[in-house]
file final.csv (CSV, C-alpha atoms)
chain,number,residue,atom,x,y,z
A,1,MET,CA,0.0,0.0,0.0
A,2,LYS,CA,1.4,3.4,-1.1
A,3,LYS,CA,2.0,6.0,1.6
A,4,VAL,CA,2.6,9.7,1.9
A,5,SER,CA,6.3,9.0,2.3
A,6,ASP,CA,6.4,7.6,-1.3
A,7,ILE,CA,5.0,10.9,-2.6
A,8,LEU,CA,7.5,12.9,-0.6
A,9,LYS,CA,10.4,10.7,-1.9
A,10,ARG,CA,9.2,11.4,-5.5
A,11,LYS,CA,8.5,15.1,-5.2
A,12,GLY,CA,10.6,16.1,-2.3
A,13,GLY,CA,9.5,17.6,1.0
A,14,SER,CA,10.4,21.3,0.3
A,15,VAL,CA,7.6,23.7,0.8
A,16,VAL,CA,7.2,27.4,-0.2
A,17,THR,CA,6.7,29.4,2.9
A,18,ILE,CA,5.8,33.1,3.4
A,19,ASP,CA,5.4,35.3,6.4
A,20,ALA,CA,1.8,35.8,7.7
A,21,GLY,CA,2.1,39.6,7.1
A,22,THR,CA,2.8,39.2,3.4
A,23,THR,CA,0.1,40.7,1.1
A,24,VAL,CA,-2.2,38.4,-0.8
A,25,LEU,CA,-0.9,39.9,-4.1
A,26,ASP,CA,2.7,39.1,-3.2
A,27,ALA,CA,1.6,35.5,-2.3
A,28,LEU,CA,-0.2,35.1,-5.6
A,29,LYS,CA,2.8,36.4,-7.5
A,30,LEU,CA,5.0,33.8,-5.7
A,31,MET,CA,2.5,31.0,-6.4
A,32,ASP,CA,2.4,32.0,-10.1
A,33,GLU,CA,6.2,32.1,-10.3
A,34,ARG,CA,6.5,28.6,-8.8
A,35,ASN,CA,3.4,27.3,-10.5
A,36,ILE,CA,1.8,26.1,-7.3
A,37,GLY,CA,-1.7,26.3,-5.9
A,38,SER,CA,-0.9,26.8,-2.2
A,39,VAL,CA,1.7,28.4,0.0
A,40,VAL,CA,2.6,27.7,3.6
A,41,ILE,CA,2.0,30.6,6.0
A,42,ALA,CA,4.4,31.0,8.9
A,43,GLU,CA,5.2,33.4,11.7
A,44,ASN,CA,8.5,33.4,13.5
A,45,GLY,CA,9.2,30.0,11.8
A,46,GLU,CA,6.1,28.4,13.1
A,47,TYR,CA,3.5,26.9,10.7
A,48,LEU,CA,0.2,28.7,10.9
A,49,GLY,CA,-1.7,27.4,7.9
A,50,LEU,CA,-2.0,27.5,4.1
A,51,MET,CA,-3.2,30.0,1.6
A,52,THR,CA,-4.7,28.5,-1.5
A,53,GLU,CA,-6.1,29.7,-4.7
A,54,ARG,CA,-9.5,28.8,-3.3
A,55,ASP,CA,-8.9,31.1,-0.3
A,56,TYR,CA,-8.1,33.9,-2.6
A,57,ALA,CA,-11.2,33.4,-4.7
A,58,ARG,CA,-13.6,33.0,-1.8
A,59,LYS,CA,-12.1,35.4,0.8
A,60,VAL,CA,-10.8,38.2,-1.3
A,61,ILE,CA,-12.4,38.4,-4.7
A,62,LEU,CA,-15.9,37.4,-3.6
A,63,GLN,CA,-15.8,39.6,-0.6
A,64,GLY,CA,-14.5,42.6,-2.5
A,65,ARG,CA,-11.2,42.9,-0.5
A,66,SER,CA,-8.0,44.3,-1.8
A,67,SER,CA,-5.2,41.9,-2.8
A,68,HIS,CA,-2.8,44.8,-2.4
A,69,GLU,CA,-3.7,45.5,1.3
A,70,THR,CA,-5.0,42.2,2.7
A,71,PRO,CA,-2.3,40.1,4.6
A,72,VAL,CA,-2.4,36.4,4.0
A,73,ARG,CA,-3.0,35.8,7.8
A,74,GLU,CA,-6.6,37.1,7.3
A,75,ILE,CA,-7.5,34.6,4.6
A,76,MET,CA,-5.4,31.5,5.1
A,77,SER,CA,-6.9,28.1,5.9
A,78,THR,CA,-6.1,27.0,9.4
A,79,GLY,CA,-7.0,23.8,11.3
A,80,LEU,CA,-6.4,21.6,8.4
A,81,PRO,CA,-6.2,17.9,9.2
A,82,ARG,CA,-2.6,16.8,9.7
A,83,ILE,CA,-1.1,13.7,8.3
A,84,VAL,CA,2.2,11.8,8.8
A,85,PRO,CA,4.5,10.2,6.2
A,86,GLU,CA,3.1,6.8,7.2
A,87,SER,CA,-0.5,7.8,6.2
A,88,SER,CA,-1.8,5.8,3.3
A,89,ILE,CA,-2.9,7.4,0.0
A,90,GLU,CA,-6.4,6.0,0.6
A,91,THR,CA,-6.6,7.7,4.0
A,92,CYS,CA,-5.5,11.0,2.5
A,93,MET,CA,-8.1,10.7,-0.3
A,94,HIS,CA,-10.8,10.0,2.3
A,95,ILE,CA,-9.7,13.0,4.4
A,96,MET,CA,-9.7,15.4,1.4
A,97,SER,CA,-13.0,14.2,0.2
A,98,GLU,CA,-14.7,14.4,3.6
A,99,SER,CA,-13.2,17.8,4.4
A,100,ASN,CA,-13.6,19.1,0.8
A,101,ILE,CA,-10.0,20.3,0.7
A,102,ARG,CA,-7.1,19.9,-1.8
A,103,TYR,CA,-4.0,20.1,0.3
A,104,LEU,CA,-2.8,18.3,3.5
A,105,PRO,CA,0.2,19.3,5.6
A,106,VAL,CA,2.5,16.5,6.5
A,107,PHE,CA,4.0,16.6,10.0
A,108,VAL,CA,6.8,14.7,11.7
A,109,ASP,CA,7.1,15.3,15.5
A,110,ASP,CA,5.1,18.5,15.2
A,111,GLN,CA,7.3,19.9,12.5
A,112,LEU,CA,6.0,20.5,8.9
A,113,SER,CA,7.8,18.2,6.5
A,114,GLY,CA,5.8,18.7,3.4
A,115,ILE,CA,2.5,19.3,1.6
A,116,VAL,CA,0.5,16.7,-0.3
A,117,SER,CA,-2.0,17.9,-2.9
A,118,ILE,CA,-4.9,16.0,-4.5
A,119,ASN,CA,-2.8,16.1,-7.7
A,120,ASP,CA,0.0,14.3,-5.8
A,121,LEU,CA,-2.4,11.6,-4.7
A,122,VAL,CA,-3.8,11.1,-8.2
A,123,THR,CA,-0.3,10.9,-9.7
A,124,GLU,CA,0.8,8.4,-7.1
A,125,THR,CA,-2.3,6.3,-7.7
A,126,ILE,CA,-1.7,6.3,-11.5
A,127,LEU,CA,2.0,5.3,-11.0
A,128,SER,CA,0.9,2.5,-8.6
A,129,HIS,CA,-1.6,1.2,-11.2
A,130,LEU,CA,1.0,1.3,-14.0
A,131,GLU,CA,3.4,-0.6,-11.7
A,132,THR,CA,0.7,-3.3,-11.1
A,133,ILE,CA,0.1,-3.6,-14.8
A,134,GLU,CA,3.8,-4.1,-15.5
A,135,HIS,CA,4.0,-6.8,-12.7
A,136,LEU,CA,1.0,-8.6,-14.2
A,137,LYS,CA,2.4,-8.4,-17.7
A,138,SER,CA,5.7,-9.8,-16.4
A,139,TYR,CA,3.9,-12.6,-14.6
A,140,ILE,CA,1.8,-13.5,-17.7
A,141,HIS,CA,4.9,-13.6,-19.9
A,142,SER,CA,7.0,-15.7,-17.5
call {"tool": "encode", "arguments": {"input": "final.csv", "output": "structure tokens"}}
result
Amino acid sequence: MKKVSDILKRKGGSVVTIDAGTTVLDALKLMDERNIGSVVIAENGEYLGLMTERDYARKVILQGRSSHETPVREIMSTGLPRIVPESSIETCMHIMSESNIRYLPVFVDDQLSGIVSINDLVTETILSHLETIEHLKSYIHS
């Protein structure tokens, strides 16, 4: 059974982090530069939450707030379910589906060690299926 640790091995555990006082506009520029859909929000090196494209759409655009003036601390998602590297892909999919979220923070001993997205889970599932197909082909031909 595939685990979060398999995803982190493949994509790495580095995360893009910004200060909680950063403006939403600057966060969006960084997300665009890095081609990512979320960014970790921290204050004094401590994880506080995530800002996602969905947060921007729902908490800035739809509420008529200014991207130039609003700090990310005012719109970030907090209280997200935490997972560990030993969490299974299936568990993560269930959590995301039940919570209607697209990103999960991965923690080891209360320290953030990565972020897993729904795209990461889908990619890992596809790779796992391809691996199974290859094993079956090999078995049939042997």
call {"tool": "closest_residue", "arguments": {"input": "final.csv", "among": "A:Lys29, A:His68, A:Arg82, A:His141", "to": "A:Tyr47", "atoms": "only C-alpha atoms"}}
result
A:Arg82
call {"tool": "closest_residue", "arguments": {"input": "final.csv", "among": "A:Val24, A:Leu30, A:Val116, A:Ile83", "to": "A:Arg102", "atoms": "all atoms listed in the file"}}
result
A:Val116
call {"tool": "residues_around", "arguments": {"input": "final.csv", "residues": "A:Lys3", "least_positions_apart": "6", "cutoff": "12 Å", "atoms": "only C-alpha atoms", "output": "number ranges by chain"}}
result
A: 9-10, 83-93, 106, 116, 120-121, 124-125, 128
call {"tool": "write_last_selection", "arguments": {"input": "final.csv", "atoms": "C-alpha atoms", "output": "short mmCIF file (atom, residue, chain, number, x, y, z; two decimals), in the coordinates of the input"}}
result
data_model
loop_
_atom_site.label_atom_id
_atom_site.label_comp_id
_atom_site.auth_asym_id
_atom_site.auth_seq_id
_atom_site.Cartn_x
_atom_site.Cartn_y
_atom_site.Cartn_z
CA LYS A 9 10.40 10.70 -1.90
CA ARG A 10 9.20 11.40 -5.50
CA ILE A 83 -1.10 13.70 8.30
CA VAL A 84 2.20 11.80 8.80
CA PRO A 85 4.50 10.20 6.20
CA GLU A 86 3.10 6.80 7.20
CA SER A 87 -0.50 7.80 6.20
CA SER A 88 -1.80 5.80 3.30
CA ILE A 89 -2.90 7.40 0.00
CA GLU A 90 -6.40 6.00 0.60
CA THR A 91 -6.60 7.70 4.00
CA CYS A 92 -5.50 11.00 2.50
CA MET A 93 -8.10 10.70 -0.30
CA VAL A 106 2.50 16.50 6.50
CA VAL A 116 0.50 16.70 -0.30
CA ASP A 120 0.00 14.30 -5.80
CA LEU A 121 -2.40 11.60 -4.70
CA GLU A 124 0.80 8.40 -7.10
CA THR A 125 -2.30 6.30 -7.70
CA SER A 128 0.90 2.50 -8.60
#
call {"tool": "closest_residue", "arguments": {"input": "final.csv", "among": "A:Ile61, A:Val122, A:Leu104, A:Leu28", "to": "A:Thr78", "atoms": "only C-alpha atoms"}}
result
A:Leu104
call {"tool": "atom_distance", "arguments": {"input": "final.csv", "atom1": "atom CA of A:Leu130", "atom2": "atom CA of A:Glu98"}}
result
27.0 Å
call {"tool": "atom_distance", "arguments": {"input": "final.csv", "atom1": "atom CA of A:Ile18", "atom2": "atom CA of A:Asp32"}}
result
14.0 Å
call {"tool": "atom_distance", "arguments": {"input": "final.csv", "atom1": "atom CA of A:Thr17", "atom2": "atom CA of A:Val40"}}
result
4.5 Å
call {"tool": "closest_residue", "arguments": {"input": "final.csv", "among": "A:Val108, A:Ile95, A:Leu136, A:Val16", "to": "A:Ile41", "atoms": "only C-alpha atoms"}}
result
A:Val16
call {"tool": "closest_residue", "arguments": {"input": "final.csv", "among": "A:Ile140, A:Ile115, A:Tyr56, A:Gly45", "to": "A:Thr70", "atoms": "only C-alpha atoms"}}
result
A:Tyr56
call {"tool": "closest_residue", "arguments": {"input": "final.csv", "among": "A:Leu80, A:Ile133, A:Ile101, A:Ile126", "to": "A:Gly49", "atoms": "all atoms listed in the file"}}
result
A:Leu80
